[in-house]
Structure formats: structure tokens, C-alpha cells
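A quick write-up on the structure given underneath.
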Amino acid sequence: MDRENIRIVLEAARKLTNHREYVIMGSLSILGSIEHPPVAMAMSNDVDFYPLEDPARAGEIAKAIGQGSPFEIQHGYYADAIRPSIAALPEGWKDRLIRYEFGTGVVAYYLNPDDAAVAKLARSEARDRRWVREGLAAGILNAETIHHRMETAPFLDQAEHDRAKETLSAAMKAAEASNRKLAAKGTFRKPPGND
């Protein structure tokens, strides 16, 4: 997926709701910081988002352009309209949103990558672990920042918090090992940027 796909989803949501500002969460939030991130970080075929000023409209959006909708059949991707409370986000995350204005009047507010990583570590599914590992290896995510922000995130319980810390530690080790292998081959990752 890329920013153009997100624009198409948000334009469809705007037609339904008349809202023009949306918060992008989940894997594709990385597109707010990096236009061309590692493939594993932008593989999702659903855009997790909600209207900035009216999160309650998420269900209406999901029914119209969500999974199984004619929109998905036409485009091959869909809206996963969510509520902000679904993710374990650290304190201050709203202040760190990354604003991106499409030329059509629709505006996306993307999660800061390190905040998105905290939410992904809380969930710790295989795809979340891969996303964090790739972000660390590419130098997009900062392990120290993530660790610090985890201390203010609303984890379900101590067990979930502990699992997230262990997952972060494992992702750091895997990223370091991957980068060592590349260095041994004389290959280096392209530094992150907005190409």
C-alpha cells in the first residue's frame, strides 16, 4: 500500500461522512513518516483509521467501504474503521501525530512510528513483531524511545506489559543480527527518508 491508496480510502470515507480529517493507525501509519518504508511495514491491505472529530462514525464507514464491501472488490483493499481506544497508545500520542494534507482537501494524521510500535508490541501478533523488527533494522524506530513510551501506555495488565517488553528485546536482537549479516556481505540498508 502507499499514500495514494490511503487517499482513495479517505476520499470514500469523506463522501460518506463529510469529514475531511482522519487519524491513521496500524501498520500503514508508517506512511506518514516514510513514503517508501520496508515492504514488511506497509503490506497491510486494510487502512486502520477513524474520523478525527467523530470517531463514532467508524462503524458506518466500515460497513460501506470495509472488508467484503464493493469498495474492497473494486480496489483490493479496504477501510478498517476503528475507534481510538482500541490501541494501547502512550501518553501524548495525539500531540505527536504527523499531519499530511492530500491535494484534495482530505487530511491524514498519522501515528508517530514509535507510538505505533508501542501499540503493536501490546498486541504482539506475528505481523506486529515483524513490523517492529523491520522498523528497528531500518533505523525508522527508536528502541529507547519505544521503551520509555511503553511505561505510559494503558496495557491490559502487567502480563501484557511484560510480554511487550520481551517482544521489543527480541525484535532488537533480530534487527541487530539482520544488520550484521548485511554488513558482513558488504550490503547496507538504505537510510530511511521521504525519497
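Scheme for the C-alpha cells: letters A, B, ... for chains in order shown; per-chain residue numbers from 1; ligand numbers from 1 in order shown.
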
Distance query stretch 134-151 of chain A at most 10 Å, only C-alpha atoms, self and fewer than 2 positions along chain excluded, as an mmCIF file with N, CA and C atoms, in the first residue's frame:
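And here's result08.cif as it stands now:
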```
data_model
loop_
_atom_site.group_PDB
_atom_site.id
_atom_site.type_symbol
_atom_site.label_atom_id
_atom_site.label_comp_id
_atom_site.auth_asym_id
_atom_site.auth_seq_id
_atom_site.Cartn_x
_atom_site.Cartn_y
_atom_site.Cartn_z
ATOM 1 N N ILE A 30 2.935 4.178 9.190
ATOM 2 C CA ILE A 30 4.335 4.441 8.856
ATOM 3 C C ILE A 30 4.449 5.357 7.639
ATOM 4 N N SER A 33 5.508 9.049 7.943
ATOM 5 C CA SER A 33 6.913 9.413 8.166
ATOM 6 C C SER A 33 7.805 9.055 6.993
ATOM 7 N N ILE A 34 7.528 7.917 6.398
ATOM 8 C CA ILE A 34 8.381 7.377 5.347
ATOM 9 C C ILE A 34 7.506 7.035 4.145
ATOM 10 N N PRO A 37 8.616 2.879 2.959
ATOM 11 C CA PRO A 37 9.216 2.103 4.049
ATOM 12 C C PRO A 37 9.555 0.688 3.583
ATOM 13 N N PRO A 38 10.230 -0.092 4.424
ATOM 14 C CA PRO A 38 10.447 -1.501 4.080
ATOM 15 C C PRO A 38 9.102 -2.162 3.758
ATOM 16 N N VAL A 39 9.104 -3.056 2.803
ATOM 17 C CA VAL A 39 7.867 -3.685 2.330
ATOM 18 C C VAL A 39 7.069 -4.287 3.480
ATOM 19 N N ALA A 40 7.733 -4.945 4.417
ATOM 20 C CA ALA A 40 7.034 -5.605 5.521
ATOM 21 C C ALA A 40 6.279 -4.630 6.419
ATOM 22 N N MET A 41 6.608 -3.344 6.332
ATOM 23 C CA MET A 41 5.931 -2.371 7.193
ATOM 24 C C MET A 41 4.681 -1.793 6.533
ATOM 25 N N ALA A 88 -3.285 0.373 22.507
ATOM 26 C CA ALA A 88 -2.563 0.766 23.724
ATOM 27 C C ALA A 88 -1.529 1.818 23.337
ATOM 28 N N LEU A 89 -1.948 3.070 23.358
ATOM 29 C CA LEU A 89 -1.059 4.160 22.941
ATOM 30 C C LEU A 89 -0.528 4.928 24.138
ATOM 31 N N PRO A 90 0.737 5.347 24.074
ATOM 32 C CA PRO A 90 1.346 6.053 25.205
ATOM 33 C C PRO A 90 0.809 7.469 25.370
ATOM 34 N N GLU A 91 0.993 7.998 26.555
ATOM 35 C CA GLU A 91 0.581 9.379 26.824
ATOM 36 C C GLU A 91 1.215 10.319 25.810
ATOM 37 N N GLY A 92 0.456 11.333 25.406
ATOM 38 C CA GLY A 92 0.981 12.337 24.495
ATOM 39 C C GLY A 92 0.939 11.966 23.032
ATOM 40 N N TRP A 93 0.380 10.804 22.689
ATOM 41 C CA TRP A 93 0.412 10.361 21.293
ATOM 42 C C TRP A 93 -0.307 11.332 20.363
ATOM 43 N N ASN A 112 2.760 8.644 15.144
ATOM 44 C CA ASN A 112 4.215 8.640 15.203
ATOM 45 C C ASN A 112 4.664 7.172 15.187
ATOM 46 N N PRO A 113 5.694 6.820 14.428
ATOM 47 C CA PRO A 113 6.105 5.417 14.326
ATOM 48 C C PRO A 113 6.405 4.743 15.662
ATOM 49 N N ASP A 114 7.044 5.455 16.583
ATOM 50 C CA ASP A 114 7.359 4.839 17.873
ATOM 51 C C ASP A 114 6.105 4.615 18.709
ATOM 52 N N ASP A 115 5.099 5.485 18.567
ATOM 53 C CA ASP A 115 3.820 5.274 19.253
ATOM 54 C C ASP A 115 3.098 4.067 18.654
ATOM 55 N N ALA A 116 3.128 3.956 17.321
ATOM 56 C CA ALA A 116 2.517 2.797 16.668
ATOM 57 C C ALA A 116 3.198 1.511 17.125
ATOM 58 N N ALA A 117 4.507 1.568 17.304
ATOM 59 C CA ALA A 117 5.252 0.384 17.756
ATOM 60 C C ALA A 117 4.795 -0.059 19.142
ATOM 61 N N VAL A 118 4.513 0.889 20.024
ATOM 62 C CA VAL A 118 4.037 0.537 21.369
ATOM 63 C C VAL A 118 2.732 -0.253 21.260
ATOM 64 N N ALA A 119 1.798 0.233 20.443
ATOM 65 C CA ALA A 119 0.522 -0.460 20.267
ATOM 66 C C ALA A 119 0.730 -1.845 19.664
ATOM 67 N N LEU A 121 3.437 -3.713 19.938
ATOM 68 C CA LEU A 121 4.060 -4.572 20.940
ATOM 69 C C LEU A 121 3.034 -5.057 21.955
ATOM 70 N N ALA A 122 2.040 -4.233 22.249
ATOM 71 C CA ALA A 122 0.986 -4.653 23.174
ATOM 72 C C ALA A 122 0.224 -5.833 22.585
ATOM 73 N N ASP A 128 2.794 -7.943 13.833
ATOM 74 C CA ASP A 128 3.217 -6.788 14.629
ATOM 75 C C ASP A 128 4.695 -6.897 14.988
ATOM 76 N N ARG A 129 5.105 -8.087 15.373
ATOM 77 C CA ARG A 129 6.519 -8.306 15.715
ATOM 78 C C ARG A 129 7.404 -8.056 14.498
ATOM 79 N N ARG A 130 6.957 -8.515 13.326
ATOM 80 C CA ARG A 130 7.719 -8.311 12.080
ATOM 81 C C ARG A 130 7.829 -6.818 11.770
ATOM 82 N N TRP A 131 6.724 -6.078 11.942
ATOM 83 C CA TRP A 131 6.699 -4.640 11.672
ATOM 84 C C TRP A 131 7.713 -3.916 12.555
ATOM 85 N N VAL A 132 7.724 -4.255 13.837
ATOM 86 C CA VAL A 132 8.658 -3.613 14.766
ATOM 87 C C VAL A 132 10.096 -3.995 14.424
ATOM 88 N N ALA A 153 1.832 3.655 28.527
ATOM 89 C CA ALA A 153 0.750 3.085 27.718
ATOM 90 C C ALA A 153 -0.215 2.284 28.603
ATOM 91 N N PRO A 154 -1.495 2.287 28.232
ATOM 92 C CA PRO A 154 -2.501 1.572 29.030
ATOM 93 C C PRO A 154 -2.591 0.087 28.675
ATOM 94 N N PHE A 155 -1.601 -0.680 29.074
ATOM 95 C CA PHE A 155 -1.638 -2.117 28.840
ATOM 96 C C PHE A 155 -2.784 -2.731 29.655
ATOM 97 N N HIS A 161 2.166 -6.048 29.568
ATOM 98 C CA HIS A 161 3.300 -5.116 29.586
ATOM 99 C C HIS A 161 4.619 -5.889 29.529
ATOM 100 N N ALA A 164 5.205 -7.339 26.096
ATOM 101 C CA ALA A 164 5.600 -6.296 25.143
ATOM 102 C C ALA A 164 7.082 -5.975 25.288
ATOM 103 N N LYS A 165 7.566 -5.897 26.527
ATOM 104 C CA LYS A 165 8.994 -5.620 26.750
ATOM 105 C C LYS A 165 9.862 -6.744 26.202
ATOM 106 N N LEU A 168 9.919 -6.506 22.432
ATOM 107 C CA LEU A 168 10.818 -5.440 21.990
ATOM 108 C C LEU A 168 12.268 -5.899 22.060
ATOM 109 N N SER A 169 12.642 -6.550 23.134
ATOM 110 C CA SER A 169 14.012 -7.046 23.294
ATOM 111 C C SER A 169 14.361 -8.042 22.189
ATOM 112 N N ALA A 171 12.941 -8.264 19.235
ATOM 113 C CA ALA A 171 12.978 -7.549 17.958
ATOM 114 C C ALA A 171 14.295 -6.807 17.793
ATOM 115 N N MET A 172 14.800 -6.223 18.875
ATOM 116 C CA MET A 172 16.088 -5.522 18.812
ATOM 117 C C MET A 172 17.200 -6.490 18.448
ATOM 118 N N LYS A 173 17.214 -7.660 19.071
ATOM 119 C CA LYS A 173 18.249 -8.654 18.786
ATOM 120 C C LYS A 173 18.164 -9.131 17.344
ATOM 121 N N ALA A 174 16.932 -9.384 16.864
ATOM 122 C CA ALA A 174 16.758 -9.850 15.485
ATOM 123 C C ALA A 174 17.181 -8.777 14.483
ATOM 124 N N ALA A 175 16.866 -7.517 14.772
ATOM 125 C CA ALA A 175 17.256 -6.416 13.882
ATOM 126 C C ALA A 175 18.770 -6.271 13.829
ATOM 127 N N GLU A 176 19.409 -6.376 14.983
ATOM 128 C CA GLU A 176 20.872 -6.283 15.031
ATOM 129 C C GLU A 176 21.520 -7.427 14.252
ATOM 130 N N ALA A 177 20.982 -8.639 14.410
ATOM 131 C CA ALA A 177 21.524 -9.803 13.695
ATOM 132 C C ALA A 177 21.357 -9.623 12.188
ATOM 133 N N SER A 178 20.211 -9.121 11.769
ATOM 134 C CA SER A 178 19.960 -8.887 10.346
ATOM 135 C C SER A 178 20.944 -7.863 9.788
ATOM 136 N N ASN A 179 21.165 -6.798 10.528
ATOM 137 C CA ASN A 179 22.092 -5.761 10.062
ATOM 138 C C ASN A 179 23.536 -6.262 10.047
ATOM 139 N N PHE A 188 24.353 -2.625 2.719
ATOM 140 C CA PHE A 188 23.819 -1.784 3.780
ATOM 141 C C PHE A 188 22.422 -1.336 3.421
ATOM 142 N N ARG A 189 21.604 -1.181 4.444
ATOM 143 C CA ARG A 189 20.241 -0.692 4.225
ATOM 144 C C ARG A 189 20.252 0.768 3.809
ATOM 145 N N LYS A 190 19.345 1.102 2.932
ATOM 146 C CA LYS A 190 19.184 2.494 2.532
ATOM 147 C C LYS A 190 18.629 3.262 3.730
ATOM 148 N N PRO A 191 19.218 4.394 4.087
ATOM 149 C CA PRO A 191 18.708 5.150 5.226
ATOM 150 C C PRO A 191 17.257 5.574 5.001
ATOM 151 N N PRO A 192 16.455 5.578 6.085
ATOM 152 C CA PRO A 192 15.065 5.977 5.927
ATOM 153 C C PRO A 192 14.958 7.423 5.481
ATOM 154 N N GLY A 193 13.947 7.683 4.691
ATOM 155 C CA GLY A 193 13.729 9.061 4.241
ATOM 156 C C GLY A 193 12.487 9.133 3.375
#
```

- Polymer residues at most 6 Å from stretch 107-110 of chain A, only C-alpha atoms, same-chain spacing of 6 or more positions, as a PyMOL selection string: chain A and resi 21-24+29+32+97-101

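Across stretch 35-158 of chain A, DSSP run on the backbone finds strand (DSSP E) at Asp46, Val47, Asp48, Phe49, Tyr50, Pro51, Tyr78, Ala79, Asp80, Ala81, Ile98, Arg99, Tyr100, Glu101, Val107, Ala108, Tyr109 and Tyr110 of chain A.
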